[in-house]
Amino acid sequence: MTASIAIHNTPLTESALPVTFVFEDRTITAAPGQSIAAALFAAGVRVFSRSFKYHRPRGLFCCSGECPNCLMQVDGKPNVRTCIEPARDGQIVSRQNAWPSADFDVLRVFDSLDHFLPVGFYYKQFHKPRWLWPIFEHTVRHIAGLGRINVNRVTEIESEVEHLHADVCVVGGGPAGFAAAAAAARTGASMLLLEREDEPGGHLLYDPRGACQEVGEDLPALNECRNAKVLLRTTAFGLYEGNLLGAFQNDRLLKVRAKQIIVCTGGRERPFVFHNNDLPGIMLGRAALRLARLHGVSPGRRAVVVTDCYRGEEVASELLALGIEVAAVVDSRPTSS
Amino acid sequence: MSFQITCPNCGPRDDSEFRYGGQIVPPAPAPASTSEAVGQRSFVSNLPVPQRERWFHRFGCRRWLVAERNTQTNEVLATGWLE
């Protein structure tokens with residue numbers, strides 16, 4: 001993976017055949033390149049998880065690996081972000097933190113009992129009377145926590161550490177990251193670009209406004225440079241003393257030592273705060289576009305766009321272009337400019 | 001702690017390759033009493049200033065070296081061989 005250029009060297013693009021995986025008691029077929037969550041959404045799944053304490057239903061929300069709504073158990077591994085985890089043949093996927101199922105969760109009753117369940121109730125309420133504690137412990141242990149770890153299964157996790165050195169390290173492979181990387185590589189500096197996803201391009205992959213020309217122009221330039229290296233599916237997680245950048249690629253830890261670090265991680269949409277804003281069916285504008293453009297799954301038939309900035313109208317027009325009826329655009333700004 | 005030390009033989013390397021060998025203290029006058037001798041041997045100055053230290057390049061050339069390190073910023077100012 002650390003060859004001079006590793007672009008498009010992903011298992012996803014190698015096969016063009018659809019894959020099938022098992023979801024609870026169903027068999028789901030996914031198009032090549034689709035994430036697990038997108039395939040499930042296409043198959044009609046709307047409740048992806050249950051909230052940690054009150055077991056409120058949670059649907060696909062950010063579709064970019066930034067919220068906890070799509071955490072599922074995949075091949076025995078708990079809390080996998082299924083919206084960015086590619087679907088593969090033979091995977092066994094199930095939802096977690098619900099009983100008897102995520103669609104009909106008896107524990108949903110906690111939501112209406114919230115007055116009796118203050119913060120920390122699990123260890124403050126149940127210790128008296130003492131003789132009942134073993135029963136409480138058994139119950140609380142089964143209700144608490146997210147996901148299940150199979151203690152009998154030995155997972156084959158590689159835990160390698162790789163030390164990388166570069167003059168310039170760019171975090172993020174969107175248009176800004178690639179422009180910075182190309183500019184650095186042209187000067188002859190050794191350059192390392194880390195991109196979280198399978199493909200570079202950032203928001204241009206699903207947002208056609210800029211077209212992919214900018215990245216398209218920079219990519220060949222980078223490919224020609226012997227001193228440039230692009231690592232895909234690599235997530236940077238922290239900057240430490242001495243300009244040490246921590247990142248991981250699957251199970252491998254990368255310790256990147258660079259003279260200059262350029263952070264081009266892009267923007268994030270934030271959810272609107274209103275009552276019941278966590279229910280399935282409410283998603284970020286980017287999530288809808290990512291579902292449609294990256295995974296080929298229609299996010300719905302009819303939409304209401306809530307916004308406080310110019311992006312709302314852009315999202316609305318793109319939804320219209322995707323054939324989705326836009327019932328209304330609600331702009332919270334007092335006067336539209 | 002994740003600074004780099006420039007080994008005179010191997011070049012800049014992560015601190016995790018090295019073993020710390022203690023502060024180099026200048027020779028002190030002969031102690032007048034036992035307690036003073038114990039103090040000289042037991043206590044280091046531990047001041048927030050650049051200090052000279054021994055380091056052993058354990059996962060490298062396996063030689064002892066001297067580094068001058070700012071204990072506040074972990075900046076290694078100079079390195080050389082241990083005489």
# chains A, B, ... in the order shown; residues from 1 in each chain; ligands from 1
call {"tool": "closest_atom_pairs", "arguments": {"of": "chain B", "to": "chain A", "cutoff": "12 Å", "atoms": "only C-alpha atoms", "output": "JSON lines"}}
result
{"residue": "B:Met1", "atom": "CA", "partner": "A:Glu241", "partner_atom": "CA", "distance": 6.5}
{"residue": "B:Ser2", "atom": "CA", "partner": "A:Glu241", "partner_atom": "CA", "distance": 5.3}
{"residue": "B:Phe3", "atom": "CA", "partner": "A:Gly242", "partner_atom": "CA", "distance": 5.0}
{"residue": "B:Gln4", "atom": "CA", "partner": "A:Gly242", "partner_atom": "CA", "distance": 7.1}
{"residue": "B:Ile5", "atom": "CA", "partner": "A:Gly242", "partner_atom": "CA", "distance": 10.5}
{"residue": "B:Pro12", "atom": "CA", "partner": "A:Arg257", "partner_atom": "CA", "distance": 10.7}
{"residue": "B:Arg13", "atom": "CA", "partner": "A:Arg257", "partner_atom": "CA", "distance": 10.2}
{"residue": "B:Asp14", "atom": "CA", "partner": "A:Arg257", "partner_atom": "CA", "distance": 9.3}
{"residue": "B:Asp15", "atom": "CA", "partner": "A:Gly242", "partner_atom": "CA", "distance": 10.4}
{"residue": "B:Ser16", "atom": "CA", "partner": "A:His163", "partner_atom": "CA", "distance": 11.8}
{"residue": "B:Thr73", "atom": "CA", "partner": "A:Glu241", "partner_atom": "CA", "distance": 9.1}
{"residue": "B:Asn74", "atom": "CA", "partner": "A:Gly242", "partner_atom": "CA", "distance": 8.6}
{"residue": "B:Glu75", "atom": "CA", "partner": "A:Gly242", "partner_atom": "CA", "distance": 8.4}
{"residue": "B:Val76", "atom": "CA", "partner": "A:Gly242", "partner_atom": "CA", "distance": 10.4}
call {"tool": "write_last_selection", "arguments": {"atoms": "N, CA, C and O atoms", "output": "PDB file, in the first residue's frame"}}
result
ATOM      1  N   MET B   1       4.995  12.221  24.803  1.00  0.00           N
ATOM      2  CA  MET B   1       6.411  12.377  24.484  1.00  0.00           C
ATOM      3  C   MET B   1       6.669  11.764  23.109  1.00  0.00           C
ATOM      4  O   MET B   1       6.539  10.567  22.935  1.00  0.00           O
ATOM      5  N   SER B   2       6.963  12.587  22.145  1.00  0.00           N
ATOM      6  CA  SER B   2       7.217  12.025  20.805  1.00  0.00           C
ATOM      7  C   SER B   2       8.183  12.903  20.036  1.00  0.00           C
ATOM      8  O   SER B   2       7.935  13.245  18.901  1.00  0.00           O
ATOM      9  N   PHE B   3       9.262  13.273  20.686  1.00  0.00           N
ATOM     10  CA  PHE B   3      10.218  14.128  19.980  1.00  0.00           C
ATOM     11  C   PHE B   3      11.259  13.264  19.273  1.00  0.00           C
ATOM     12  O   PHE B   3      11.267  12.044  19.403  1.00  0.00           O
ATOM     13  N   GLN B   4      12.098  13.936  18.514  1.00  0.00           N
ATOM     14  CA  GLN B   4      13.139  13.214  17.780  1.00  0.00           C
ATOM     15  C   GLN B   4      14.506  13.593  18.318  1.00  0.00           C
ATOM     16  O   GLN B   4      14.732  14.731  18.730  1.00  0.00           O
ATOM     17  N   ILE B   5      15.400  12.642  18.286  1.00  0.00           N
ATOM     18  CA  ILE B   5      16.773  12.870  18.699  1.00  0.00           C
ATOM     19  C   ILE B   5      17.656  12.570  17.488  1.00  0.00           C
ATOM     20  O   ILE B   5      17.471  11.536  16.832  1.00  0.00           O
ATOM     21  N   PRO B  12      18.189  11.730  12.464  1.00  0.00           N
ATOM     22  CA  PRO B  12      17.040  11.969  13.335  1.00  0.00           C
ATOM     23  C   PRO B  12      16.177  10.715  13.495  1.00  0.00           C
ATOM     24  O   PRO B  12      15.772  10.112  12.502  1.00  0.00           O
ATOM     25  N   ARG B  13      15.948  10.323  14.719  1.00  0.00           N
ATOM     26  CA  ARG B  13      15.134   9.139  15.012  1.00  0.00           C
ATOM     27  C   ARG B  13      14.157   9.455  16.136  1.00  0.00           C
ATOM     28  O   ARG B  13      14.407  10.334  16.956  1.00  0.00           O
ATOM     29  N   ASP B  14      13.079   8.684  16.186  1.00  0.00           N
ATOM     30  CA  ASP B  14      12.078   8.862  17.248  1.00  0.00           C
ATOM     31  C   ASP B  14      12.680   8.542  18.612  1.00  0.00           C
ATOM     32  O   ASP B  14      13.518   7.657  18.735  1.00  0.00           O
ATOM     33  N   ASP B  15      12.179   9.232  19.605  1.00  0.00           N
ATOM     34  CA  ASP B  15      12.689   9.001  20.955  1.00  0.00           C
ATOM     35  C   ASP B  15      12.426   7.581  21.431  1.00  0.00           C
ATOM     36  O   ASP B  15      13.095   7.092  22.331  1.00  0.00           O
ATOM     37  N   SER B  16      11.437   6.910  20.816  1.00  0.00           N
ATOM     38  CA  SER B  16      11.129   5.558  21.272  1.00  0.00           C
ATOM     39  C   SER B  16      12.249   4.573  20.958  1.00  0.00           C
ATOM     40  O   SER B  16      12.255   3.466  21.473  1.00  0.00           O
ATOM     41  N   THR B  73      10.292  22.122  26.592  1.00  0.00           N
ATOM     42  CA  THR B  73       9.710  21.968  25.256  1.00  0.00           C
ATOM     43  C   THR B  73      10.098  20.656  24.594  1.00  0.00           C
ATOM     44  O   THR B  73       9.616  20.364  23.513  1.00  0.00           O
ATOM     45  N   ASN B  74      10.959  19.885  25.224  1.00  0.00           N
ATOM     46  CA  ASN B  74      11.497  18.649  24.643  1.00  0.00           C
ATOM     47  C   ASN B  74      12.266  18.898  23.352  1.00  0.00           C
ATOM     48  O   ASN B  74      12.435  17.995  22.546  1.00  0.00           O
ATOM     49  N   GLU B  75      12.705  20.122  23.159  1.00  0.00           N
ATOM     50  CA  GLU B  75      13.487  20.412  21.965  1.00  0.00           C
ATOM     51  C   GLU B  75      14.923  19.943  22.192  1.00  0.00           C
ATOM     52  O   GLU B  75      15.548  20.307  23.207  1.00  0.00           O
ATOM     53  N   VAL B  76      15.425  19.126  21.290  1.00  0.00           N
ATOM     54  CA  VAL B  76      16.799  18.652  21.416  1.00  0.00           C
ATOM     55  C   VAL B  76      17.691  19.647  20.689  1.00  0.00           C
ATOM     56  O   VAL B  76      17.605  19.822  19.478  1.00  0.00           O
TER      57      VAL B  76
END
call {"tool": "select_by_dssp", "arguments": {"residues": "region 63-206 of chain A", "states": "alpha helix (DSSP H)", "output": "PyMOL selection string"}}
result
chain A and resi 121-124+133-143+175-186
call {"tool": "closest_residue", "arguments": {"among": "A:Asp278, A:Asp207, A:Asp75, A:Glu156", "to": "Val315 (chain A)", "atoms": "only C-alpha atoms"}}
result
A:Asp207
call {"tool": "residues_around", "arguments": {"residues": "Pro48 (chain B)", "least_positions_apart": "3", "cutoff": "8 Å", "atoms": "only C-alpha atoms", "output": "VMD selection string"}}
result
chain B and resid 70 to 72
call {"tool": "residues_around", "arguments": {"residues": "region 28-33 of chain A", "least_positions_apart": "6", "cutoff": "10 Å", "atoms": "only C-alpha atoms", "output": "short mmCIF file (atom, residue, chain, number, x, y, z; two decimals) with N, CA, C and O atoms, in the first residue's frame"}}
result
data_model
loop_
_atom_site.label_atom_id
_atom_site.label_comp_id
_atom_site.auth_asym_id
_atom_site.auth_seq_id
_atom_site.Cartn_x
_atom_site.Cartn_y
_atom_site.Cartn_z
N PRO A 11 -9.98 -2.78 -3.30
CA PRO A 11 -10.69 -3.98 -3.72
C PRO A 11 -12.08 -3.68 -4.28
O PRO A 11 -12.64 -4.49 -4.99
N LEU A 12 -12.59 -2.49 -3.96
CA LEU A 12 -13.94 -2.16 -4.39
C LEU A 12 -14.06 -2.08 -5.90
O LEU A 12 -14.98 -2.62 -6.49
N THR A 13 -13.11 -1.41 -6.52
CA THR A 13 -13.23 -1.17 -7.95
C THR A 13 -12.78 -2.37 -8.78
O THR A 13 -12.96 -2.38 -9.97
N GLU A 14 -12.21 -3.38 -8.12
CA GLU A 14 -11.71 -4.51 -8.88
C GLU A 14 -12.86 -5.35 -9.45
O GLU A 14 -12.85 -5.74 -10.60
N SER A 15 -13.85 -5.63 -8.60
CA SER A 15 -14.95 -6.46 -9.08
C SER A 15 -16.12 -5.57 -9.42
O SER A 15 -16.43 -4.61 -8.71
N ALA A 16 -16.79 -5.88 -10.51
CA ALA A 16 -17.97 -5.12 -10.88
C ALA A 16 -19.23 -5.94 -10.66
O ALA A 16 -20.29 -5.59 -11.14
N LEU A 17 -19.10 -7.04 -9.94
CA LEU A 17 -20.25 -7.90 -9.69
C LEU A 17 -20.96 -7.48 -8.40
O LEU A 17 -20.30 -7.03 -7.46
N PRO A 18 -22.27 -7.63 -8.35
CA PRO A 18 -22.94 -7.31 -7.10
C PRO A 18 -22.56 -8.31 -6.00
O PRO A 18 -22.21 -9.46 -6.30
N VAL A 19 -22.61 -7.85 -4.78
CA VAL A 19 -22.24 -8.72 -3.66
C VAL A 19 -23.49 -8.97 -2.82
O VAL A 19 -24.43 -8.17 -2.82
N THR A 20 -23.50 -10.08 -2.13
CA THR A 20 -24.63 -10.37 -1.24
C THR A 20 -24.11 -10.58 0.17
O THR A 20 -23.03 -11.15 0.37
N PHE A 21 -24.86 -10.08 1.12
CA PHE A 21 -24.51 -10.30 2.52
C PHE A 21 -25.77 -10.57 3.31
O PHE A 21 -26.89 -10.38 2.83
N VAL A 22 -25.57 -11.09 4.51
CA VAL A 22 -26.70 -11.48 5.35
C VAL A 22 -26.95 -10.38 6.36
O VAL A 22 -26.04 -9.94 7.06
N ALA A 39 -26.85 -0.10 0.90
CA ALA A 39 -27.55 -1.28 0.41
C ALA A 39 -28.78 -1.57 1.27
O ALA A 39 -29.84 -1.95 0.76
N LEU A 40 -28.63 -1.38 2.58
CA LEU A 40 -29.77 -1.62 3.48
C LEU A 40 -30.86 -0.59 3.23
O LEU A 40 -32.04 -0.91 3.24
N ALA A 42 -31.47 0.92 0.44
CA ALA A 42 -32.13 0.54 -0.81
C ALA A 42 -33.08 -0.62 -0.59
O ALA A 42 -34.10 -0.74 -1.29
N ALA A 43 -32.76 -1.48 0.38
CA ALA A 43 -33.62 -2.64 0.65
C ALA A 43 -34.77 -2.29 1.59
O ALA A 43 -35.49 -3.18 2.03
N GLU A 85 -18.60 1.60 5.54
CA GLU A 85 -17.99 0.27 5.43
C GLU A 85 -18.50 -0.39 4.14
O GLU A 85 -19.70 -0.61 3.98
N PRO A 86 -17.61 -0.69 3.19
CA PRO A 86 -18.09 -1.27 1.94
C PRO A 86 -18.71 -2.65 2.15
O PRO A 86 -18.24 -3.43 2.98
N ALA A 87 -19.77 -2.91 1.40
CA ALA A 87 -20.41 -4.23 1.47
C ALA A 87 -19.52 -5.24 0.78
O ALA A 87 -18.96 -4.98 -0.29
N ARG A 88 -19.37 -6.40 1.40
CA ARG A 88 -18.56 -7.47 0.82
C ARG A 88 -19.35 -8.77 0.87
O ARG A 88 -20.26 -8.93 1.67
N ASP A 89 -18.96 -9.69 0.01
CA ASP A 89 -19.67 -10.96 -0.07
C ASP A 89 -19.56 -11.72 1.26
O ASP A 89 -18.48 -11.82 1.83
N GLN A 91 -20.72 -11.13 4.22
CA GLN A 91 -20.72 -10.44 5.51
C GLN A 91 -21.97 -10.81 6.31
O GLN A 91 -23.02 -11.05 5.73
N VAL A 93 -24.30 -9.11 9.02
CA VAL A 93 -24.56 -7.78 9.59
C VAL A 93 -25.79 -7.88 10.48
O VAL A 93 -26.78 -8.50 10.09
N ASP A 198 -12.27 5.77 -0.13
CA ASP A 198 -11.67 4.90 -1.13
C ASP A 198 -11.16 5.68 -2.33
O ASP A 198 -10.30 5.22 -3.06
N LEU A 294 -23.07 8.70 -4.72
CA LEU A 294 -22.00 7.73 -4.49
C LEU A 294 -22.52 6.30 -4.54
O LEU A 294 -21.82 5.39 -4.95
N HIS A 295 -23.75 6.11 -4.06
CA HIS A 295 -24.24 4.74 -3.91
C HIS A 295 -25.40 4.42 -4.84
O HIS A 295 -25.86 3.28 -4.88
N GLY A 296 -25.90 5.42 -5.56
CA GLY A 296 -26.99 5.16 -6.48
C GLY A 296 -28.29 4.77 -5.81
O GLY A 296 -29.07 4.02 -6.37
N VAL A 297 -28.51 5.27 -4.61
CA VAL A 297 -29.73 4.95 -3.87
C VAL A 297 -30.51 6.23 -3.69
O VAL A 297 -29.97 7.23 -3.21
#
call {"tool": "residues_around", "arguments": {"residues": "region 19-21 of chain B", "least_positions_apart": "6", "cutoff": "8 Å", "atoms": "only C-alpha atoms", "output": "PyMOL selection string"}}
result
chain B and resi 53-58
call {"tool": "write_last_selection", "arguments": {"atoms": "N, CA, C and O atoms", "output": "mmCIF file, in the first residue's frame"}}
result
data_model
loop_
_atom_site.group_PDB
_atom_site.id
_atom_site.type_symbol
_atom_site.label_atom_id
_atom_site.label_comp_id
_atom_site.auth_asym_id
_atom_site.auth_seq_id
_atom_site.Cartn_x
_atom_site.Cartn_y
_atom_site.Cartn_z
ATOM 1 N N GLU B 53 22.097 15.281 28.859
ATOM 2 C CA GLU B 53 21.648 13.954 29.260
ATOM 3 C C GLU B 53 22.362 12.889 28.457
ATOM 4 O O GLU B 53 22.791 13.124 27.338
ATOM 5 N N ARG B 54 22.422 11.708 29.044
ATOM 6 C CA ARG B 54 22.918 10.550 28.299
ATOM 7 C C ARG B 54 21.729 9.853 27.653
ATOM 8 O O ARG B 54 20.664 9.727 28.255
ATOM 9 N N TRP B 55 21.901 9.421 26.443
ATOM 10 C CA TRP B 55 20.897 8.609 25.759
ATOM 11 C C TRP B 55 21.595 7.435 25.103
ATOM 12 O O TRP B 55 22.725 7.562 24.604
ATOM 13 N N PHE B 56 20.937 6.295 25.092
ATOM 14 C CA PHE B 56 21.483 5.083 24.497
ATOM 15 C C PHE B 56 20.626 4.717 23.289
ATOM 16 O O PHE B 56 19.410 4.557 23.423
ATOM 17 N N HIS B 57 21.232 4.641 22.115
ATOM 18 C CA HIS B 57 20.456 4.330 20.909
ATOM 19 C C HIS B 57 20.232 2.821 20.834
ATOM 20 O O HIS B 57 20.885 2.096 20.093
ATOM 21 N N ARG B 58 19.232 2.400 21.586
ATOM 22 C CA ARG B 58 19.006 0.982 21.819
ATOM 23 C C ARG B 58 18.603 0.244 20.535
ATOM 24 O O ARG B 58 19.094 -0.839 20.253
#
call {"tool": "atom_distance", "arguments": {"atom1": "CA of Leu65 (chain B)", "atom2": "CA of Trp81 (chain B)"}}
result
4.5 Å
call {"tool": "select_by_dssp", "arguments": {"residues": "region 99-296 of chain A", "states": "strand (DSSP E)", "output": "count of residues only"}}
result
44
call {"tool": "atom_distance", "arguments": {"atom1": "CA of Val80 (chain A)", "atom2": "CA of Ile92 (chain A)"}}
result
11.9 Å
call {"tool": "residues_around", "arguments": {"residues": "Ser45 (chain B)", "least_positions_apart": "3", "cutoff": "12 Å", "atoms": "only C-alpha atoms", "output": "MDAnalysis selection string"}}
result
chainID B and resid 22:26 39:42 48:52 71
call {"tool": "write_last_selection", "arguments": {"atoms": "N, CA and C atoms", "output": "PDB file, in the first residue's frame"}}
result
ATOM      1  N   GLY B  22      19.933   9.347  32.011  1.00  0.00           N
ATOM      2  CA  GLY B  22      20.115  10.238  33.145  1.00  0.00           C
ATOM      3  C   GLY B  22      20.816  11.534  32.800  1.00  0.00           C
ATOM      4  N   GLN B  23      20.664  12.475  33.705  1.00  0.00           N
ATOM      5  CA  GLN B  23      21.247  13.791  33.526  1.00  0.00           C
ATOM      6  C   GLN B  23      22.743  13.740  33.805  1.00  0.00           C
ATOM      7  N   ILE B  24      23.501  14.500  33.047  1.00  0.00           N
ATOM      8  CA  ILE B  24      24.934  14.615  33.314  1.00  0.00           C
ATOM      9  C   ILE B  24      25.132  15.813  34.225  1.00  0.00           C
ATOM     10  N   VAL B  25      25.552  15.544  35.439  1.00  0.00           N
ATOM     11  CA  VAL B  25      25.745  16.658  36.383  1.00  0.00           C
ATOM     12  C   VAL B  25      27.229  16.991  36.462  1.00  0.00           C
ATOM     13  N   PRO B  26      27.567  18.268  36.514  1.00  0.00           N
ATOM     14  CA  PRO B  26      28.988  18.625  36.625  1.00  0.00           C
ATOM     15  C   PRO B  26      29.563  18.117  37.941  1.00  0.00           C
ATOM     16  N   GLY B  39      22.701  13.519  49.212  1.00  0.00           N
ATOM     17  CA  GLY B  39      22.004  14.522  48.430  1.00  0.00           C
ATOM     18  C   GLY B  39      22.580  14.671  47.049  1.00  0.00           C
ATOM     19  N   GLN B  40      23.901  14.697  46.961  1.00  0.00           N
ATOM     20  CA  GLN B  40      24.550  14.838  45.656  1.00  0.00           C
ATOM     21  C   GLN B  40      24.227  13.675  44.740  1.00  0.00           C
ATOM     22  N   ARG B  41      24.146  12.496  45.321  1.00  0.00           N
ATOM     23  CA  ARG B  41      23.925  11.312  44.505  1.00  0.00           C
ATOM     24  C   ARG B  41      22.450  11.107  44.168  1.00  0.00           C
ATOM     25  N   SER B  42      21.568  11.551  45.048  1.00  0.00           N
ATOM     26  CA  SER B  42      20.152  11.201  44.912  1.00  0.00           C
ATOM     27  C   SER B  42      19.343  12.243  44.158  1.00  0.00           C
ATOM     28  N   PRO B  48      13.812  23.852  34.657  1.00  0.00           N
ATOM     29  CA  PRO B  48      13.249  24.025  33.318  1.00  0.00           C
ATOM     30  C   PRO B  48      14.197  24.744  32.370  1.00  0.00           C
ATOM     31  N   VAL B  49      15.355  24.201  32.203  1.00  0.00           N
ATOM     32  CA  VAL B  49      16.373  24.800  31.335  1.00  0.00           C
ATOM     33  C   VAL B  49      16.968  23.681  30.486  1.00  0.00           C
ATOM     34  N   PRO B  50      17.678  24.020  29.425  1.00  0.00           N
ATOM     35  CA  PRO B  50      18.351  22.954  28.666  1.00  0.00           C
ATOM     36  C   PRO B  50      19.310  22.184  29.561  1.00  0.00           C
ATOM     37  N   GLN B  51      19.204  20.866  29.517  1.00  0.00           N
ATOM     38  CA  GLN B  51      20.093  20.061  30.340  1.00  0.00           C
ATOM     39  C   GLN B  51      20.770  18.996  29.498  1.00  0.00           C
ATOM     40  N   ARG B  52      21.967  18.609  29.953  1.00  0.00           N
ATOM     41  CA  ARG B  52      22.737  17.585  29.232  1.00  0.00           C
ATOM     42  C   ARG B  52      22.360  16.215  29.782  1.00  0.00           C
ATOM     43  N   THR B  71      14.041  20.817  28.798  1.00  0.00           N
ATOM     44  CA  THR B  71      13.082  19.945  29.480  1.00  0.00           C
ATOM     45  C   THR B  71      11.662  20.512  29.462  1.00  0.00           C
TER      46      THR B  71
END
call {"tool": "residues_around", "arguments": {"residues": "Lys255 (chain A)", "least_positions_apart": "3", "cutoff": "8 Å", "atoms": "only C-alpha atoms", "output": "JSON, numbers by chain"}}
result
{"A": [161, 162, 163, 164, 244, 245, 246, 247]}
call {"tool": "atom_distance", "arguments": {"atom1": "CA of Pro78 (chain A)", "atom2": "CA of Gln249 (chain A)"}}
result
18.4 Å
